[in-house]
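What follows is the content of data-v6.cif, which has mmCIF, C-alpha atoms:
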data_input
loop_
_atom_site.label_atom_id
_atom_site.label_comp_id
_atom_site.auth_asym_id
_atom_site.auth_seq_id
_atom_site.Cartn_x
_atom_site.Cartn_y
_atom_site.Cartn_z
CA MET A 1411 121.98 -98.79 160.90
CA ILE A 1412 120.46 -97.62 164.20
CA SER A 1413 116.83 -97.15 165.17
CA PHE A 1414 115.30 -95.57 168.31
CA GLU A 1415 112.14 -96.52 170.21
CA THR A 1416 110.85 -95.98 173.74
CA VAL A 1417 110.05 -98.60 176.39
CA ASN A 1418 107.44 -97.67 179.02
CA GLU A 1419 107.99 -93.97 178.16
CA LEU A 1420 111.07 -93.86 180.43
CA THR A 1421 113.71 -95.84 178.53
CA LEU A 1422 115.36 -95.48 175.14
CA LYS A 1423 115.82 -98.73 173.21
CA VAL A 1424 118.51 -98.58 170.52
CA THR A 1425 118.59 -101.36 167.93
CA CYS A 1426 121.74 -101.62 165.83
CA ARG A 1427 122.15 -103.71 162.70
CA GLY A 1428 125.79 -103.91 161.65
CA ASN A 1429 128.39 -101.34 162.67
CA ASP A 1430 127.47 -97.84 163.81
CA VAL A 1431 128.18 -95.10 166.35
CA LEU A 1432 125.89 -93.49 168.96
CA PHE A 1433 126.40 -90.50 171.26
CA THR A 1434 124.63 -90.55 174.63
CA LYS A 1435 124.58 -88.68 177.91
CA ALA A 1436 127.49 -90.00 179.99
CA GLY A 1437 126.35 -92.76 182.35
CA ALA A 1438 122.93 -93.23 180.69
CA PHE A 1439 123.48 -96.89 179.69
CA ILE A 1440 121.38 -99.33 181.77
CA ALA A 1441 121.41 -102.65 179.83
CA GLY A 1442 122.43 -104.37 176.62
CA ASP A 1443 121.74 -107.55 174.64
CA SER A 1444 124.03 -108.90 171.90
CA ALA A 1445 124.44 -112.42 170.54
CA GLY A 1446 127.86 -114.09 170.71
CA GLY A 1447 129.31 -111.77 173.32
CA LYS A 1448 129.33 -108.06 174.02
CA ASN A 1449 130.03 -106.23 170.75
CA TYR A 1450 129.71 -102.59 171.84
CA ARG A 1451 132.05 -100.40 173.87
CA PHE A 1452 131.89 -97.04 175.62
CA GLU A 1453 134.31 -94.16 175.35
CA LYS A 1454 134.20 -90.75 177.02
CA VAL A 1455 134.00 -87.86 174.56
CA LEU A 1456 136.58 -85.38 175.80
CA LEU A 1457 135.89 -82.45 173.47
CA GLY A 1458 132.71 -83.00 171.49
CA PRO A 1459 131.02 -85.09 168.82
CA GLN A 1460 132.30 -82.98 165.93
CA GLY A 1461 134.58 -84.88 163.58
CA ASN A 1462 136.98 -81.96 163.16
CA LEU A 1463 139.36 -81.55 166.13
CA GLY A 1464 139.39 -77.74 165.89
CA GLN A 1465 135.59 -77.52 165.81
CA ALA A 1466 135.35 -79.97 168.71
CA ALA A 1467 137.77 -77.91 170.82
CA LEU A 1468 135.92 -74.66 170.04
CA GLY A 1469 132.59 -76.33 170.81
CA SER A 1470 133.92 -77.58 174.15
CA ILE A 1471 135.00 -74.05 175.12
CA LEU A 1472 131.64 -72.58 174.06
CA ARG A 1473 129.70 -75.19 176.04
CA ARG A 1474 131.64 -74.48 179.22
CA VAL A 1475 131.47 -70.69 178.88
CA THR A 1476 127.73 -70.63 178.11
CA GLY A 1477 126.57 -73.33 180.53
CA GLU A 1478 125.65 -75.71 177.69
CA ASN A 1479 128.21 -78.27 178.85
CA LEU A 1480 127.25 -81.69 177.54
CA PRO A 1481 128.97 -84.71 179.16
CA LEU A 1482 128.86 -87.30 176.38
CA MET A 1483 129.99 -90.85 175.80
CA LYS A 1484 130.51 -92.50 172.43
CA VAL A 1485 129.05 -95.97 171.93
CA SER A 1486 130.84 -97.92 169.19
CA MET A 1487 128.71 -100.83 167.96
CA ASN A 1488 130.35 -103.69 166.07
CA GLY A 1489 127.51 -105.99 165.10
CA ASP A 1490 123.85 -106.52 165.88
CA SER A 1491 122.82 -105.40 169.36
CA VAL A 1492 120.07 -103.88 171.46
CA THR A 1493 121.05 -101.38 174.18
CA TYR A 1494 118.97 -99.38 176.66
CA TYR A 1495 119.46 -95.87 178.07
CA ALA A 1496 117.65 -93.78 180.72
CA ASN A 1497 118.19 -90.88 183.13
CA ASN A 1498 116.58 -90.50 186.58
CA SER A 1499 113.18 -91.89 185.45
CA GLN A 1500 112.66 -88.95 183.09
CA HIS A 1501 110.37 -89.41 180.12
CA VAL A 1502 111.98 -90.00 176.74
CA LEU A 1503 110.82 -88.35 173.52
CA ILE A 1504 112.19 -89.53 170.15
CA TYR A 1505 112.42 -87.45 167.01
CA GLN A 1506 113.83 -88.31 163.59
CA LEU A 1507 115.18 -85.24 161.83
CA GLN A 1508 114.74 -84.81 158.09
CA PHE A 1509 117.78 -83.70 156.11
CA GLY A 1510 118.47 -80.05 156.99
CA GLU A 1511 115.88 -79.98 159.78
CA MET A 1512 117.10 -78.47 163.05
CA ILE A 1513 116.24 -79.02 166.70
CA SER A 1514 117.36 -76.50 169.33
CA VAL A 1515 117.46 -78.13 172.76
CA GLU A 1516 118.78 -77.57 176.26
CA SER A 1517 121.95 -79.67 176.69
CA GLU A 1518 120.63 -81.15 179.95
CA ASN A 1519 117.68 -82.59 178.03
CA ILE A 1520 119.72 -84.49 175.44
CA LEU A 1521 119.77 -88.25 176.09
CA ALA A 1522 121.21 -89.55 172.80
CA PHE A 1523 121.67 -88.86 169.10
CA THR A 1524 123.07 -90.68 166.09
CA GLN A 1525 126.10 -89.67 164.06
CA ASP A 1526 123.82 -88.49 161.23
CA CYS A 1527 123.08 -85.47 163.46
CA LYS A 1528 125.40 -82.49 163.13
CA TYR A 1529 125.98 -80.95 166.57
CA GLU A 1530 126.79 -77.31 167.37
CA VAL A 1531 126.36 -74.67 170.08
CA ARG A 1532 125.03 -71.22 169.20
CA PHE A 1533 124.10 -68.07 171.10
CA ILE A 1534 120.46 -67.00 171.43
CA GLY A 1535 120.91 -64.31 174.13
CA CYS A 1536 118.11 -65.31 176.51
CA GLY A 1537 119.90 -66.02 179.77
CA VAL A 1538 119.00 -62.72 181.47
CA PHE A 1539 115.38 -63.79 181.71
CA SER A 1540 115.49 -67.44 182.72
CA GLN A 1541 117.54 -70.50 183.56
CA LYS A 1542 117.87 -71.12 179.83
CA GLY A 1543 121.41 -70.12 179.01
CA LEU A 1544 122.79 -67.58 176.58
CA ALA A 1545 123.29 -70.47 174.16
CA THR A 1546 121.45 -73.53 172.98
CA SER A 1547 122.57 -76.86 171.56
CA VAL A 1548 121.53 -77.38 167.94
CA LEU A 1549 121.28 -80.73 166.16
CA THR A 1550 120.79 -80.77 162.38
CA GLY A 1551 119.71 -83.72 160.27
CA ASN A 1552 122.72 -84.61 158.13
CA GLY A 1553 121.69 -88.02 156.80
CA SER A 1554 118.86 -90.54 156.56
CA ASN A 1555 119.34 -91.90 160.08
CA ALA A 1556 119.28 -88.69 162.17
CA TYR A 1557 117.61 -89.73 165.45
CA VAL A 1558 117.49 -87.63 168.63
CA ALA A 1559 116.24 -88.73 172.07
CA ILE A 1560 115.13 -85.94 174.42
CA LEU A 1561 114.52 -86.05 178.18
CA THR A 1562 111.50 -84.36 179.79
CA ASP A 1563 110.18 -84.12 183.36
CA GLY A 1564 106.82 -85.79 182.83
CA ASN A 1565 104.84 -86.32 179.63
CA PRO A 1566 105.41 -83.32 177.33
CA ILE A 1567 103.03 -81.47 175.06
CA VAL A 1568 103.84 -80.31 171.54
CA LEU A 1569 102.60 -77.03 170.04
CA SER A 1570 102.91 -76.44 166.30
CA ASN A 1571 101.92 -73.59 163.98
CA ILE A 1572 103.09 -75.27 160.78
CA GLN A 1573 99.51 -75.64 159.54
CA SER A 1574 97.70 -72.88 161.46
CA ARG A 1575 100.41 -70.18 161.23
CA SER A 1576 99.29 -69.00 164.67
CA THR A 1577 101.48 -67.27 167.29
CA ILE A 1578 103.03 -69.59 169.89
CA SER A 1579 104.03 -68.25 173.30
CA VAL A 1580 105.72 -70.41 175.96
CA ASP A 1581 107.41 -70.07 179.33
CA PRO A 1582 111.21 -70.30 178.77
CA ASP A 1583 111.56 -72.32 181.98
CA ALA A 1584 109.22 -75.04 180.65
CA VAL A 1585 110.38 -75.27 177.04
CA ILE A 1586 112.54 -78.29 176.16
CA CYS A 1587 113.22 -77.77 172.48
CA TRP A 1588 111.90 -76.37 169.21
CA MET A 1589 112.13 -77.74 165.68
CA GLY A 1590 111.89 -76.27 162.19
CA GLN A 1591 113.75 -75.40 159.01
CA GLY A 1592 116.56 -73.05 159.98
CA TYR A 1593 117.36 -71.80 163.47
CA CYS A 1594 113.90 -70.26 164.15
CA ASP A 1595 115.04 -68.50 167.32
CA PRO A 1596 112.20 -67.08 169.44
CA GLN A 1597 111.54 -63.46 170.23
CA ILE A 1598 111.67 -62.47 173.90
CA LYS A 1599 108.50 -60.81 175.12
CA THR A 1600 108.63 -59.12 178.54
CA ASP A 1601 105.95 -57.61 180.76
CA LEU A 1602 107.93 -55.88 183.50
CA SER A 1603 106.39 -53.04 185.51
CA TRP A 1604 106.45 -51.42 188.95
CA LYS A 1605 104.45 -54.39 190.25
CA ASN A 1606 107.55 -56.57 189.93
CA LEU A 1607 109.29 -54.33 192.47
CA ILE A 1608 106.63 -54.84 195.15
CA GLY A 1609 106.12 -58.54 194.59
CA GLN A 1610 102.73 -58.18 192.90
CA ALA A 1611 103.70 -59.53 189.47
CA SER A 1612 101.83 -62.45 187.92
CA GLY A 1613 104.95 -64.61 187.78
CA GLU A 1614 104.71 -64.70 183.98
CA SER A 1615 106.77 -61.63 183.13
CA TYR A 1616 108.57 -63.03 180.11
CA ALA A 1617 107.92 -65.50 177.31
CA PHE A 1618 109.40 -67.04 174.20
CA GLU A 1619 107.26 -66.17 171.18
CA TRP A 1620 107.19 -67.42 167.59
CA SER A 1621 105.02 -65.57 165.09
CA GLY A 1622 102.92 -67.13 162.36
CA ASN A 1623 105.61 -66.59 159.75
CA GLN A 1624 107.98 -68.86 161.71
CA PRO A 1625 106.73 -72.44 161.11
CA ILE A 1626 107.79 -74.24 164.28
CA SER A 1627 107.04 -77.14 166.62
CA VAL A 1628 107.78 -76.56 170.31
CA VAL A 1629 108.03 -79.21 173.05
CA ILE A 1630 107.06 -78.15 176.59
CA GLN A 1631 107.40 -80.18 179.78
CA PRO A 1632 104.83 -79.99 182.63
CA SER A 1633 107.33 -78.48 185.07
CA GLU A 1634 109.45 -75.35 185.19
CA ARG A 1635 113.09 -74.70 185.88
CA ARG A 1636 113.77 -72.26 188.68
CA GLY A 1637 113.91 -68.75 187.15
CA GLY A 1638 117.25 -67.01 186.66
CA ILE A 1639 116.28 -63.73 188.37
CA SER A 1640 113.61 -62.56 190.76
CA VAL A 1641 112.81 -58.86 190.72
CA GLN A 1642 110.73 -57.81 193.74
CA MET A 1643 110.84 -55.95 197.05
CA ASP A 1644 109.51 -57.35 200.35
#

Can the structure in the file be given as structure tokens, please?
Amino acid sequence: MISFETVNELTLKVTCRGNDVLFTKAGAFIAGDSAGGKNYRFEKVLLGPQGNLGQAALGSILRRVTGENLPLMKVSMNGDSVTYYANNSQHVLIYQLQFGEMISVESENILAFTQDCKYEVRFIGCGVFSQKGLATSVLTGNGSNAYVAILTDGNPIVLSNIQSRSTISVDPDAVICWMGQGYCDPQIKTDLSWKNLIGQASGESYAFEWSGNQPISVVIQPSERRGGISVQMD
């Protein structure tokens, strides 16, 4: 059994009781503590975390084609241990998925997840508008111990319309992930006009939008990726 918690907002602490398996971003391990000698080992994941070889190979091809490449390592734990993971002083956000609950997340923002998370890559068709690719990584709760650790640049904020059923609109270059029952892909709202051609646009010409009939929670970081295109004329 594995549990996740954060240390000083910047480090993931993983406590293992017994034997278990963890998938993490390659090179993210920073320290470990285990009684009676080191009882965990690291192994590069060549294709993907899927158990089926065919699915893993297909997933590896999809990740490379769509830019959702996810360099992973497998941590095999054989006994009680505590290990720590981090990435470039980024903040760490932990989420425990309920059975069937999905989280769609940029591959670069995945720090770690347990084997009770089913992993896949799927197309969302948004890459024309921002640095977010044409695909997203999806993790689905597939057991009682489905933990995910997400990386953000700075302390994130979370918007949810599960209770209010309001409309949520976010900048695609700031969004980290979204969670809900089912895929809950956003609509793409654009506001392009002649002003874009003469450099007089607001800089907010597109957005991800979820309506009130899509119960969703969205995590946004306080920084933006560099946009995929810039339409203007000097």

Determine the residue membership of the PyMOL selection byres ((chain A and resi 1565-1581) around 10) for the file above and supply it as an MDAnalysis selection string.
chainID A and resid 1419:1420 1500:1503 1540 1561:1564 1582:1590 1596:1599 1614:1635

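Interatomic distance, CA of Ala1559 (chain A) against CA of Phe1414 (chain A): 7.9 Å.
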
Contacts of region 1509-1526 of chain A at 7 Å (all atoms listed in the file; same-chain gap of 2+ positions) as JSON, numbers by chain: {"A": [1431, 1432, 1433, 1434, 1435, 1478, 1479, 1480, 1507, 1528, 1546, 1547, 1548, 1549, 1550, 1551, 1552, 1553, 1554, 1555, 1556, 1557, 1558, 1559, 1560, 1561, 1562, 1586, 1587, 1588, 1589, 1590, 1591, 1592, 1593]}

Just write the chosen residues, C-alpha atoms, as an mmCIF file, in the frame of the given file.
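Once written, out08.cif looks like this:
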data_model
loop_
_atom_site.group_PDB
_atom_site.id
_atom_site.type_symbol
_atom_site.label_atom_id
_atom_site.label_comp_id
_atom_site.auth_asym_id
_atom_site.auth_seq_id
_atom_site.Cartn_x
_atom_site.Cartn_y
_atom_site.Cartn_z
ATOM 1 C CA VAL A 1431 128.180 -95.100 166.350
ATOM 2 C CA LEU A 1432 125.890 -93.490 168.960
ATOM 3 C CA PHE A 1433 126.400 -90.500 171.260
ATOM 4 C CA THR A 1434 124.630 -90.550 174.630
ATOM 5 C CA LYS A 1435 124.580 -88.680 177.910
ATOM 6 C CA GLU A 1478 125.650 -75.710 177.690
ATOM 7 C CA ASN A 1479 128.210 -78.270 178.850
ATOM 8 C CA LEU A 1480 127.250 -81.690 177.540
ATOM 9 C CA LEU A 1507 115.180 -85.240 161.830
ATOM 10 C CA LYS A 1528 125.400 -82.490 163.130
ATOM 11 C CA THR A 1546 121.450 -73.530 172.980
ATOM 12 C CA SER A 1547 122.570 -76.860 171.560
ATOM 13 C CA VAL A 1548 121.530 -77.380 167.940
ATOM 14 C CA LEU A 1549 121.280 -80.730 166.160
ATOM 15 C CA THR A 1550 120.790 -80.770 162.380
ATOM 16 C CA GLY A 1551 119.710 -83.720 160.270
ATOM 17 C CA ASN A 1552 122.720 -84.610 158.130
ATOM 18 C CA GLY A 1553 121.690 -88.020 156.800
ATOM 19 C CA SER A 1554 118.860 -90.540 156.560
ATOM 20 C CA ASN A 1555 119.340 -91.900 160.080
ATOM 21 C CA ALA A 1556 119.280 -88.690 162.170
ATOM 22 C CA TYR A 1557 117.610 -89.730 165.450
ATOM 23 C CA VAL A 1558 117.490 -87.630 168.630
ATOM 24 C CA ALA A 1559 116.240 -88.730 172.070
ATOM 25 C CA ILE A 1560 115.130 -85.940 174.420
ATOM 26 C CA LEU A 1561 114.520 -86.050 178.180
ATOM 27 C CA THR A 1562 111.500 -84.360 179.790
ATOM 28 C CA ILE A 1586 112.540 -78.290 176.160
ATOM 29 C CA CYS A 1587 113.220 -77.770 172.480
ATOM 30 C CA TRP A 1588 111.900 -76.370 169.210
ATOM 31 C CA MET A 1589 112.130 -77.740 165.680
ATOM 32 C CA GLY A 1590 111.890 -76.270 162.190
ATOM 33 C CA GLN A 1591 113.750 -75.400 159.010
ATOM 34 C CA GLY A 1592 116.560 -73.050 159.980
ATOM 35 C CA TYR A 1593 117.360 -71.800 163.470
#

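On the file presented, the PyMOL selection byres ((chain A and resi 1424) around 9) picks out Ile1412, Ser1413, Phe1414, Glu1415, Thr1416, Leu1422, Lys1423, Thr1425, Cys1426, Ser1491, Val1492, Thr1493, Tyr1494 and Tyr1495 of chain A.
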
Exercise for review: For CA of Tyr1529 (chain A) and CA of Ser1486 (chain A), quote the distance in Å rounded to one decimal.
Suggested key: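 Atom-to-atom, CA of Tyr1529 (chain A) to CA of Ser1486 (chain A), that is 17.8 Å.
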
CA of Val1485 (chain A) to CA of Ala1445 (chain A), distance in Å rounded to a single decimal =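 The value is 17.1 Å.
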
Using the chain letters and numbering of this document, enumerate as a PyMOL selection string the residues selected by the PyMOL selection byres ((chain A and resi 1428) around 9).
-> chain A and resi 1411-1412+1426-1427+1429-1430+1487-1491
